[in-house]
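A.B. asks: Contents of upload-v2.txt (compact mmCIF, C-alpha atoms) are below:
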```txt
# COMPACT_ATOMS: atom_id res chain seq x y z
CA MET A 1 -40.20 3.51 -4.23
CA SER A 2 -39.34 6.13 -1.60
CA VAL A 3 -36.13 6.06 0.43
CA THR A 4 -35.99 7.38 3.98
CA ILE A 5 -33.07 7.68 6.38
CA ARG A 6 -33.39 7.12 10.09
CA VAL A 7 -31.05 6.80 13.05
CA ALA A 8 -30.43 3.16 13.90
CA THR A 9 -31.81 1.74 17.14
CA VAL A 10 -30.68 -1.19 19.24
CA SER A 11 -33.31 -3.37 17.54
CA ASP A 12 -31.34 -2.85 14.28
CA VAL A 13 -28.24 -4.62 15.62
CA PRO A 14 -28.85 -7.91 13.70
CA THR A 15 -29.49 -5.93 10.51
CA ILE A 16 -26.33 -3.84 11.00
CA VAL A 17 -24.23 -6.97 11.49
CA GLN A 18 -25.74 -8.48 8.33
CA PHE A 19 -24.98 -5.29 6.39
CA ILE A 20 -21.37 -5.44 7.66
CA ARG A 21 -21.10 -9.05 6.49
CA ASP A 22 -22.69 -8.22 3.12
CA LEU A 23 -20.29 -5.32 2.62
CA ALA A 24 -17.31 -7.47 3.58
CA ASP A 25 -18.45 -10.14 1.14
CA TYR A 26 -18.70 -7.54 -1.66
CA GLU A 27 -15.22 -6.24 -0.77
CA ARG A 28 -13.87 -9.83 -0.75
CA LEU A 29 -13.04 -9.45 2.96
CA LEU A 30 -15.67 -11.63 4.64
CA HIS A 31 -12.89 -13.72 6.19
CA GLU A 32 -11.82 -10.62 8.18
CA VAL A 33 -15.17 -9.95 9.88
CA GLU A 34 -14.96 -10.47 13.62
CA ALA A 35 -17.75 -8.09 14.71
CA THR A 36 -20.56 -9.66 16.68
CA GLU A 37 -23.97 -8.39 17.66
CA ALA A 38 -22.59 -7.86 21.19
CA ASP A 39 -19.77 -5.68 19.78
CA ILE A 40 -22.18 -3.54 17.77
CA ARG A 41 -24.62 -3.25 20.68
CA ARG A 42 -21.81 -2.12 23.01
CA ASP A 43 -20.14 0.35 20.67
CA LEU A 44 -23.22 1.93 19.06
CA PHE A 45 -25.81 1.70 21.82
CA GLY A 46 -23.86 1.24 25.06
CA GLU A 47 -23.17 3.70 27.84
CA ASN A 48 -20.37 5.40 25.87
CA PRO A 49 -21.13 5.08 22.11
CA ARG A 50 -18.02 4.97 19.94
CA ALA A 51 -19.80 5.00 16.57
CA PHE A 52 -23.18 5.82 15.08
CA CYS A 53 -25.35 4.39 12.36
CA ASP A 54 -28.06 5.51 9.97
CA ILE A 55 -30.37 3.09 8.18
CA ALA A 56 -31.77 3.61 4.70
CA GLU A 57 -35.22 2.16 4.16
CA ALA A 58 -37.14 1.69 0.92
CA ASP A 59 -40.85 1.35 1.55
CA GLY A 60 -40.13 0.51 5.18
CA ARG A 61 -37.55 -2.21 4.44
CA PRO A 62 -33.88 -1.71 5.46
CA VAL A 63 -31.79 -1.55 2.30
CA GLY A 64 -28.56 0.09 3.43
CA PHE A 65 -26.54 1.68 6.20
CA ALA A 66 -23.89 4.24 6.99
CA LEU A 67 -21.71 3.58 10.06
CA TRP A 68 -19.70 6.62 11.14
CA PHE A 69 -17.85 8.35 13.97
CA TYR A 70 -16.44 11.76 14.78
CA ASN A 71 -12.84 12.64 14.00
CA TYR A 72 -10.93 15.87 14.47
CA SER A 73 -8.87 18.09 12.16
CA THR A 74 -6.20 20.01 14.03
CA PHE A 75 -5.53 22.08 10.90
CA ARG A 76 -9.16 23.14 10.58
CA GLY A 77 -9.79 23.30 14.31
CA ARG A 78 -13.03 21.38 14.01
CA ALA A 79 -14.46 17.94 14.31
CA GLY A 80 -15.62 16.05 11.26
CA ILE A 81 -17.31 12.80 10.40
CA TYR A 82 -15.47 9.72 9.21
CA LEU A 83 -17.69 7.31 7.31
CA GLU A 84 -16.41 3.86 8.16
CA ASP A 85 -18.90 1.88 6.08
CA LEU A 86 -21.55 2.66 3.49
CA PHE A 87 -23.50 -0.20 1.96
CA VAL A 88 -26.67 -0.56 -0.06
CA LYS A 89 -28.09 -3.98 -0.94
CA PRO A 90 -27.50 -4.82 -4.60
CA ASP A 91 -31.23 -5.13 -5.34
CA ALA A 92 -31.80 -1.60 -3.94
CA ARG A 93 -29.01 0.16 -5.82
CA GLY A 94 -30.23 2.90 -8.08
CA LEU A 95 -33.02 3.95 -5.70
CA GLY A 96 -30.97 6.78 -4.23
CA ALA A 97 -30.29 5.15 -0.85
CA GLY A 98 -26.51 5.69 -0.98
CA LYS A 99 -26.89 9.33 -1.93
CA ALA A 100 -29.55 9.81 0.77
CA LEU A 101 -27.24 8.33 3.41
CA LEU A 102 -24.38 10.61 2.34
CA ARG A 103 -26.73 13.60 2.15
CA ARG A 104 -27.82 12.98 5.75
CA LEU A 105 -24.19 12.87 6.88
CA ALA A 106 -23.44 16.08 4.95
CA GLN A 107 -26.46 17.72 6.61
CA ARG A 108 -25.18 16.62 10.00
CA CYS A 109 -21.81 18.21 9.21
CA VAL A 110 -23.43 21.50 8.17
CA GLU A 111 -25.86 21.56 11.12
CA ALA A 112 -23.05 20.95 13.64
CA ASP A 113 -20.49 23.20 11.92
CA LEU A 114 -18.17 20.25 11.30
CA GLY A 115 -15.20 20.69 9.00
CA ARG A 116 -15.44 17.70 6.71
CA LEU A 117 -16.89 14.33 5.78
CA GLU A 118 -14.30 11.71 4.87
CA TRP A 119 -14.18 8.06 3.92
CA ALA A 120 -12.02 5.54 2.07
CA VAL A 121 -12.85 3.43 -0.97
CA LEU A 122 -11.01 0.43 -2.33
CA ASP A 123 -9.00 1.34 -5.44
CA TRP A 124 -10.66 -1.40 -7.53
CA ASN A 125 -14.24 -0.34 -6.67
CA ALA A 126 -14.89 1.61 -9.88
CA PRO A 127 -18.69 1.89 -9.46
CA SER A 128 -18.32 3.46 -6.01
CA ILE A 129 -15.50 5.75 -7.12
CA ALA A 130 -17.63 6.97 -10.04
CA PHE A 131 -20.57 7.52 -7.67
CA TYR A 132 -18.44 9.53 -5.21
CA ASP A 133 -16.93 11.54 -8.07
CA SER A 134 -20.45 12.38 -9.28
CA LEU A 135 -21.14 13.93 -5.86
CA GLY A 136 -18.04 16.11 -6.05
CA ALA A 137 -15.91 14.11 -3.61
CA SER A 138 -12.19 14.59 -4.16
CA ALA A 139 -9.57 11.86 -3.99
CA LYS A 140 -6.78 12.57 -1.50
CA THR A 141 -3.96 11.09 -3.56
CA ASP A 142 -1.24 12.78 -1.54
CA TRP A 143 -2.11 10.89 1.66
CA ILE A 144 -1.39 7.21 2.24
CA THR A 145 -3.43 5.44 4.88
CA ARG A 146 -1.34 3.55 7.41
CA ARG A 147 -2.64 1.05 9.95
CA LEU A 148 -1.38 -0.73 13.03
CA ASP A 149 -3.35 -3.81 14.03
CA GLY A 150 -2.84 -7.37 15.18
CA GLU A 151 0.68 -8.28 16.24
CA ALA A 152 2.17 -4.93 15.23
CA LEU A 153 -0.31 -3.07 17.44
CA LEU A 154 0.33 -5.39 20.37
CA ARG A 155 4.08 -5.12 19.92
CA LEU A 156 4.05 -1.30 19.90
CA ALA A 157 1.65 -1.16 22.85
CA GLY A 158 3.96 -3.42 24.83
CA GLU A 159 7.07 -1.29 24.37
CA GLU A 160 8.30 0.65 27.36
CA LEU A 161 7.68 4.37 27.25
CA VAL A 162 10.81 6.50 27.13
CA GLU A 163 10.53 9.55 29.36
```
Have the structure of the file written as structure tokens, please.
C.D. replies:
Amino acid sequence: MSVTIRVATVSDVPTIVQFIRDLADYERLLHEVEATEADIRRDLFGENPRAFCDIAEADGRPVGFALWFYNYSTFRGRAGIYLEDLFVKPDARGLGAGKALLRRLAQRCVEADLGRLEWAVLDWNAPSIAFYDSLGASAKTDWITRRLDGEALLRLAGEELVE
């Protein structure tokens, strides 16, 4: 079975949303999914795209996706790619779809002279960690991800600016 990677189109929106839900279910986070088809259509295919997506197909059938966006390293003085989500359907694992999606992102980085390709993985996801290790990805153990969202984000945003 051959795997191909293509850039997602607006007709893929329902598939992308299903992949997001499938990934969230695998990560035990389905209860946190708020994304709708309208959100994905706006942010990936609207007037000002905020993120991008590649679709992996096996014999013409979508089996996985990589949703990503550009970031920037001030230390390196170059943009990079941040992989927000990578997912391959369980019945298609082992076909090389995940590696093909990551290879396409790495190619994009090289072609555009980007400084890095980064992503996060849950600490309990041993199969994915082993897969990433096999590709030569390094763990950034000296950095701790921090996040503001929900009430904390609203609270900070509502504070008066001190000038």
A.B. asks: Kindly give the distance, in Å, that separates CA of Thr145 (chain A) and CA of Asn125 (chain A), rounded to a single decimal.
C.D. replies: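 Separating CA of Thr145 (chain A) from CA of Asn125 (chain A) is a distance of 16.8 Å.
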A.B. asks: At most 6 Å is the cut-off: for each residue in region 93-129 of chain A with any atom that close to an atom of region 64-83 of chain A, write down the nearest atom pair and the distance in Å rounded to one decimal, counting all atoms listed in the file, chain first then increasing number, as CSV.
C.D. replies:
```
residue,atom,partner,partner_atom,distance
A:Leu114,CA,A:Gly80,CA,4.9
A:Gly115,CA,A:Gly80,CA,5.2
A:Arg116,CA,A:Gly80,CA,4.8
A:Leu117,CA,A:Ile81,CA,4.9
A:Glu118,CA,A:Tyr82,CA,4.9
A:Trp119,CA,A:Leu83,CA,4.9
```
A.B. asks: Which one is closest to Leu102 (chain A): A:Gln18, A:Lys89, A:Cys53, A:Asp142? Count all atoms listed in the file.
C.D. replies: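 Looking at the shortest contact to Leu102 (chain A), the residue is A:Cys53.
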A.B. asks: What is the distance between CA of Ala106 (chain A) and CA of Ser2 (chain A), in Å to one decimal?
C.D. replies: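 Spanning CA of Ala106 (chain A) to CA of Ser2 (chain A) is a straight-line distance of 19.9 Å.
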A.B. asks: Report, in Å to a single decimal, how far apart CA of Arg21 (chain A) and CA of Val33 (chain A) are.
C.D. replies: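 Taking CA of Val33 (chain A) as the start and CA of Arg21 (chain A) as the end point, the length is 6.9 Å.
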A.B. asks: Given all atoms listed in the file as the basis, pick out the residue of A:Glu84, A:Asp91, A:Asp39, A:Asp22 nearest to Asp54 (chain A).
C.D. replies: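 Looking at the shortest contact to Asp54 (chain A), the residue is A:Glu84.
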A.B. asks: Considering only C-alpha atoms, can you say which of A:Val110, A:Leu29, A:Ala120, A:Val7 comes closest to Ile144 (chain A)?
C.D. replies: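 Answer, going by the shortest atom-to-atom distance: A:Ala120.
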A.B. asks: Considering all atoms listed in the file, state which residue in the set A:Glu57, A:Asp12, A:Glu111, A:Glu151 is at the smallest distance from Arg93 (chain A).
C.D. replies: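 Of the candidates, the smallest distance to Arg93 (chain A) is held by A:Glu57.
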A.B. asks: Residues at most 9 Å from region 23-26 of chain A, counting all atoms listed in the file, excluding those fewer than 6 positions away in the same chain, as number ranges by chain?
C.D. replies: A: 32-33, 85-89
A.B. asks: Identify, on the basis of all atoms listed in the file, every residue whose closest approach to Ser138 (chain A) does not exceed 10 Å; exclude the query and any residue fewer than 4 positions from it along the same chain; express the result as a list of chain:residue names.
C.D. replies: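 These residues fall inside the cut-off: A:Glu118, A:Ile129, A:Tyr132, A:Asp133, A:Ser134.
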A.B. asks: Given the choices A:Ile5, A:Leu156, A:Ile55, A:Val13, which gets closest to Ile40 (chain A) if the distance is worked out from all atoms listed in the file?
C.D. replies: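 For Ile40 (chain A), the nearest of the given residues is A:Val13.
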A.B. asks: Give the answer as one residue: which of A:Gly136, A:Pro49, A:Pro62, A:Gly96 has the shortest atom-to-atom distance to Thr15 (chain A), using all atoms listed in the file?
C.D. replies: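 Result for the nearest residue to Thr15 (chain A): A:Pro62.
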A.B. asks: Hey, what's within 10 Å of Pro14 (chain A) if we count only C-alpha atoms and toss same-chain stuff fewer than 5 positions away? As a list in words, please?
C.D. replies: Phe19, Ile20, Thr36, Glu37, Ala38, Ile40 and Arg41 of chain A
